[in-house]
Each structure stands twice: as structure tokens, then as C-alpha cells.
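Everything below concerns the one structure shown next.
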Amino acid sequence: MRSLFLVLVAALSAAPPAARAAEPCPDVRSIVTPRPTDFGSKEAWLHEPGWFTPLETEQYVPLASAGYGGDAQLLVVEHGGHALAIPVSSMAYHHVANVHVGRDYPVAFTF
Amino acid sequence: MICNSATAFRAEVDGRRLSFEEEGIWGGVFVMRDRETGTLWSHYTGEAVQGPAAGTSLQWEQVHRMRTSRALDAFPSALTPAPSSLAPGRRVAAKGRGDALGDGLPGAFVPTLGPPQKEDRRLPRHEHGLGLFVAGSHRFYPLDRLQRRALVQEEVGGVAVAVLVQDGGEAAAAYGRCVDGVTLSFESAAHEGRIAMTDRETGSVWLSTGLAVAGPHKGAQLTPLRSIVTDWYGWAAYFARTTIYEAVTAPTRPGSAP
């Protein structure tokens, strides 16, 4: 009986790691990322609003007909099957775009 | 701002729509104030850092930085603001502004980085790269180093990540590699002329937008990880204990294992 037990232990110990069930990996959406910033207001340089004009519009056109060159760089946000693209060159002026993606998903682009 | 950092956030908190304006600099990058509550927010992290909403955060949205031709390929029905609503454009260097600025910064920026002796100079200020924050860990991938490999796979904060360079090395994106409970491993690939990768487990083909376009996973979407393409000085000012990706092995070519 004892020898049978030892044989069983030896057999199990010799099993290759691949034979063991792999642990399922965690969905990264379930991982909480803590707030990262220790904001020091004493180090901030603040000025009156109005230095830059945010982009704000309710008028949109198909990207395909906008006439941007093929090499023009864009920022694109997609949500719910809709996508909105804004030229980087324009964002370098506006810095903030208060827009929406699709009919009613409000998004702030910043640059 | 000058660090060439693009971010996007859902402009809504507790069902209230917010609109923003730039209002200053902290950590070398701009902060913005919402008009509705007067709260000051970091454009870098989407955190409310001062004011009535302090302690809350805006919901992060992935920003794809890509050329028009690629954008039309990936998002053929995309819209854009009517040209009449856009200000005349400013020229922006594709890979940051380091070439034009050297190691310099405008005078108002420097004090916001903190005491000079604390500035992290492990990399040049205008080294352009992808900053990744996941599970409390922060890691910076210089784009020049990413270009040598095209695809990087590793664990950050215990999370299996894939970092994929996009377009001509001008941007990059980071994704979690866990799909349906299985950690995928990828090889660089090309798909119909586009940057792509193939997973070894199923042979599915994934585009740089994280979308699977062929194979058993076709139609699935990798989970984008919170990240930002930015200059080093802003990233280092925000995340003092960040690690830096070091490319130490030979370049990876499509079809080879990274």
C-alpha cells in the first residue's frame, strides 16, 4: 500500500507544468488605477481665462470630404461606433475642443 | 501644450456636461477650468485638482493619433468639425518639438516643474514617448526605442501589456493582452499594408487600433490602457517614480517574435 502511494506521488510530481490548468488572466477593466497626481498649487502658473479660444461647434462634416491632406495628423476618438477627428494643427491653436462624438456623447479633446 | 500631449475625456460628471478652457501650467503641462463649476482640472490625467469637484476624475478616452489616410481606413464614417469652425492651423512637429527647442522650455514653464534639483533628467526634456499608467505603475516608452521593435510585450504593474507603435513611429498605443481570460502573445505583422499583430494562440490579426479583423477573435477589441503620447519633462514631473523602457535586444521585424 505504501509503495503504491509513493508511486502515485512520484507520478504526480513528474507531471509537466503545462498539464496544469492555467490561471485565467484578469480583465484590465477591473483593475483600479489610483489617482496619480500630487497637485501642488504653489507650483502652478495660472492666468486669466481667454488666452486661447476653445473649439466649440455643432457643425460637423464627413472626414472624407474635409479636404485634409492624406498626411495631415489627426486626433481621433471613437465611441459607440461613431468617430470624430480633429487636425492636430488646429488643436495646437485651440488646445481644448468641447465637442461631441456621435449625437450626444460629450468629449473634451485637449492638446 | 508645448509637450505635444493629446488627451480626451468624457466631458460629463454626475450627469452634468462640462466645458473647458485652458488656464495655466502645472508640471509643464496645462491645466483647464470648467465653466460650470469653476473646478481646475489636469488635462494630463483628467483629475479635478482644485475647486468644487476636487477629488473626482473625468473618464479617460483613448485618442488615436494618426494620419488622415489611416484614419479614413480605420474609421471611414468619421466626422470632423466643419472647417469654418477651425482656427488656422499651427505647424506641429510629428515627433515632438525637441529639434526646434533643443532642451529649452519657455520661461513660465520651468518653475512649474518644481525645484531644479528635483527635475528628472534621465532623458532629454523633449524625448517623445508613450507614458503608460496601469495598476498604480508608471512607465515611459521613448518612441525612438519603440520604433526599433514595433511591438513590445511585458508586464507592468502585474498586467500583461502590448505596446504597439503606430503610423511612422509618430504615436503608439497600449493594450491589455487578456482576452476572454487568456493572456495572448503577439507577433508583429502587416495586414493589407497596415501595422498589425497576430496572436500566437489563435492566429487572429489585430490592428493598431486594437480591433481584430481576421481569425477566431474577429470583431473583438483589445482593452486600451490609459496612456498618453507626450514629452518626457511633463511625464517625469507628474510621475516621479516612473520607470523607463529600455530596448536591449535586436530589432523586431514583422513575423518575428519580440
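Identifiers for the C-alpha cells are assigned positionally: chains receive A, B, ... in sequence, residues are indexed from 1 per chain, and ligands are indexed from 1 in the order shown.
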Would you tabulate, counting only C-alpha atoms, all residues of segment 29-105 of chain A that have an atom at most 7 Å from an atom of segment 19-39 of chain B, showing the closest pair of atoms and their distance in Å to one decimal, sorted by chain then ascending number, as CSV?
residue,atom,partner,partner_atom,distance
A:Glu43,CA,B:Trp26,CA,6.5
A:Ala44,CA,B:Trp26,CA,4.5
A:Trp45,CA,B:Ile25,CA,5.1
A:Leu46,CA,B:Gly24,CA,4.2
A:His47,CA,B:Gly24,CA,5.6
A:Glu48,CA,B:Glu23,CA,6.5
A:Pro49,CA,B:Glu23,CA,5.4
A:Phe52,CA,B:Glu22,CA,6.8
A:Pro54,CA,B:Glu21,CA,6.2
A:Val96,CA,B:Glu21,CA,6.4
A:Asn98,CA,B:Ser19,CA,5.8
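Residues with any atom within 12 Å of Ser65 of chain A, counting only C-alpha atoms and excluding same-chain neighbours fewer than 6 positions away, are Thr68, Leu72, Pro76, Ser77, Ala78, Leu79, Thr80, Pro81, Ala82 and Pro83 of chain B.
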Using only C-alpha atoms, tabulate the residues of chain B lying at most 7 Å from any atom of chain A, each with its closest atom pair and that distance in Å to one decimal, by chain and increasing residue number, as a Markdown table.
| residue | atom | partner | partner_atom | distance |
| --- | --- | --- | --- | --- |
| B:Met1 | CA | A:Phe111 | CA | 5.6 |
| B:Asn4 | CA | A:Phe111 | CA | 6.5 |
| B:Ser5 | CA | A:Phe111 | CA | 5.4 |
| B:Ala6 | CA | A:Phe111 | CA | 4.5 |
| B:Thr7 | CA | A:Thr110 | CA | 5.2 |
| B:Ala8 | CA | A:Phe109 | CA | 4.4 |
| B:Phe9 | CA | A:Ala108 | CA | 5.4 |
| B:Arg10 | CA | A:Val107 | CA | 4.5 |
| B:Ala11 | CA | A:Val107 | CA | 4.8 |
| B:Glu12 | CA | A:Pro106 | CA | 6.8 |
| B:Ser19 | CA | A:Asn98 | CA | 5.8 |
| B:Phe20 | CA | A:Asn98 | CA | 6.9 |
| B:Glu21 | CA | A:Pro54 | CA | 6.2 |
| B:Glu22 | CA | A:Phe52 | CA | 6.8 |
| B:Glu23 | CA | A:Pro49 | CA | 5.4 |
| B:Gly24 | CA | A:Leu46 | CA | 4.2 |
| B:Ile25 | CA | A:Trp45 | CA | 5.1 |
| B:Trp26 | CA | A:Ala44 | CA | 4.5 |
| B:His43 | CA | A:Thr110 | CA | 6.5 |
| B:Val49 | CA | A:Phe39 | CA | 6.3 |
| B:Gln62 | CA | A:Val77 | CA | 6.4 |
| B:Val63 | CA | A:Val77 | CA | 5.2 |
| B:His64 | CA | A:Val76 | CA | 5.0 |
| B:Arg65 | CA | A:Leu75 | CA | 4.7 |
| B:Met66 | CA | A:Leu74 | CA | 5.4 |
| B:Arg67 | CA | A:Gln73 | CA | 4.4 |
| B:Thr68 | CA | A:Gly70 | CA | 4.8 |
| B:Ser69 | CA | A:Gly70 | CA | 4.8 |
| B:Leu72 | CA | A:Ala64 | CA | 6.8 |
| B:Phe75 | CA | A:Ala83 | CA | 6.6 |
| B:Ser77 | CA | A:Pro62 | CA | 6.8 |
| B:Ala78 | CA | A:Ala83 | CA | 4.7 |
| B:Leu79 | CA | A:Pro62 | CA | 4.4 |
| B:Thr80 | CA | A:Ala85 | CA | 5.0 |
| B:Pro81 | CA | A:Tyr60 | CA | 4.3 |
| B:Ala82 | CA | A:Tyr60 | CA | 4.8 |
| B:Ser85 | CA | A:Thr57 | CA | 6.4 |
| B:Leu86 | CA | A:Ser90 | CA | 6.3 |
| B:Ala87 | CA | A:Ser90 | CA | 6.0 |
| B:Pro88 | CA | A:Ser90 | CA | 6.5 |
| B:Gly89 | CA | A:Ser90 | CA | 4.4 |
| B:Arg90 | CA | A:Ser89 | CA | 4.7 |
| B:Arg91 | CA | A:Ser89 | CA | 5.6 |
| B:Val92 | CA | A:Ser89 | CA | 6.1 |
| B:Pro111 | CA | A:Glu43 | CA | 6.7 |
| B:Thr112 | CA | A:Glu43 | CA | 4.9 |
| B:Gly114 | CA | A:Glu43 | CA | 6.5 |
| B:Val134 | CA | A:Thr33 | CA | 5.9 |
| B:Ala135 | CA | A:Thr33 | CA | 4.7 |
| B:Gly136 | CA | A:Thr33 | CA | 5.5 |
| B:Gly176 | CA | A:Val28 | CA | 6.3 |
| B:Cys178 | CA | A:Cys25 | CA | 5.9 |
| B:Gly181 | CA | A:Pro24 | CA | 4.7 |
| B:Val182 | CA | A:Cys25 | CA | 5.7 |
| B:Thr183 | CA | A:Cys25 | CA | 6.0 |
| B:Tyr238 | CA | A:Thr37 | CA | 6.4 |
Suppose you want the space between atom CA of Leu211 of chain B and atom CA of Ser57 of chain B; what is it in Å?
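Here the two named atoms are 27.0 Å from each other.
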Write out as a PyMOL selection string all residues of segment 196-251 of chain B that backbone DSSP assigns to alpha helix (DSSP H).
chain B and resi 232-238
For the residues in that selection, give me N, CA and C atoms as an mmCIF file, in the first residue's frame.
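Ended up saving to result33.cif:
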data_model
loop_
_atom_site.group_PDB
_atom_site.id
_atom_site.type_symbol
_atom_site.label_atom_id
_atom_site.label_comp_id
_atom_site.auth_asym_id
_atom_site.auth_seq_id
_atom_site.Cartn_x
_atom_site.Cartn_y
_atom_site.Cartn_z
ATOM 1 N N TRP B 232 8.993 63.885 -22.348
ATOM 2 C CA TRP B 232 9.478 63.347 -21.082
ATOM 3 C C TRP B 232 9.296 64.318 -19.919
ATOM 4 N N TYR B 233 9.544 65.604 -20.124
ATOM 5 C CA TYR B 233 9.602 66.502 -18.972
ATOM 6 C C TYR B 233 8.259 66.580 -18.244
ATOM 7 N N GLY B 234 7.156 66.557 -18.990
ATOM 8 C CA GLY B 234 5.847 66.597 -18.364
ATOM 9 C C GLY B 234 5.537 65.302 -17.635
ATOM 10 N N TRP B 235 5.866 64.203 -18.286
ATOM 11 C CA TRP B 235 5.626 62.883 -17.680
ATOM 12 C C TRP B 235 6.420 62.739 -16.383
ATOM 13 N N ALA B 236 7.692 63.127 -16.433
ATOM 14 C CA ALA B 236 8.559 62.978 -15.257
ATOM 15 C C ALA B 236 8.118 63.907 -14.135
ATOM 16 N N ALA B 237 7.586 65.084 -14.489
ATOM 17 C CA ALA B 237 7.121 66.000 -13.445
ATOM 18 C C ALA B 237 5.885 65.442 -12.744
ATOM 19 N N TYR B 238 5.055 64.743 -13.481
ATOM 20 C CA TYR B 238 3.844 64.181 -12.897
ATOM 21 C C TYR B 238 4.129 62.897 -12.122
#
Write down as a PyMOL selection string the residues belonging to segment 11-256 of chain B that are assigned strand (DSSP E or B) by DSSP computed on the backbone.
chain B and resi 12-13+16-17+20-26+29-34+40-42+47-50+57+59-61+64-67+79-81+128-134+137-142+151-156+159-166+171-176+178-179+182-183+186-191+194-199+205-207+211-214+221+224+227-231+243-244
Between atom CA of Gly203 of chain B and atom CA of Gly215 of chain B, measure the distance and give it in Å to one decimal.
6.1 Å
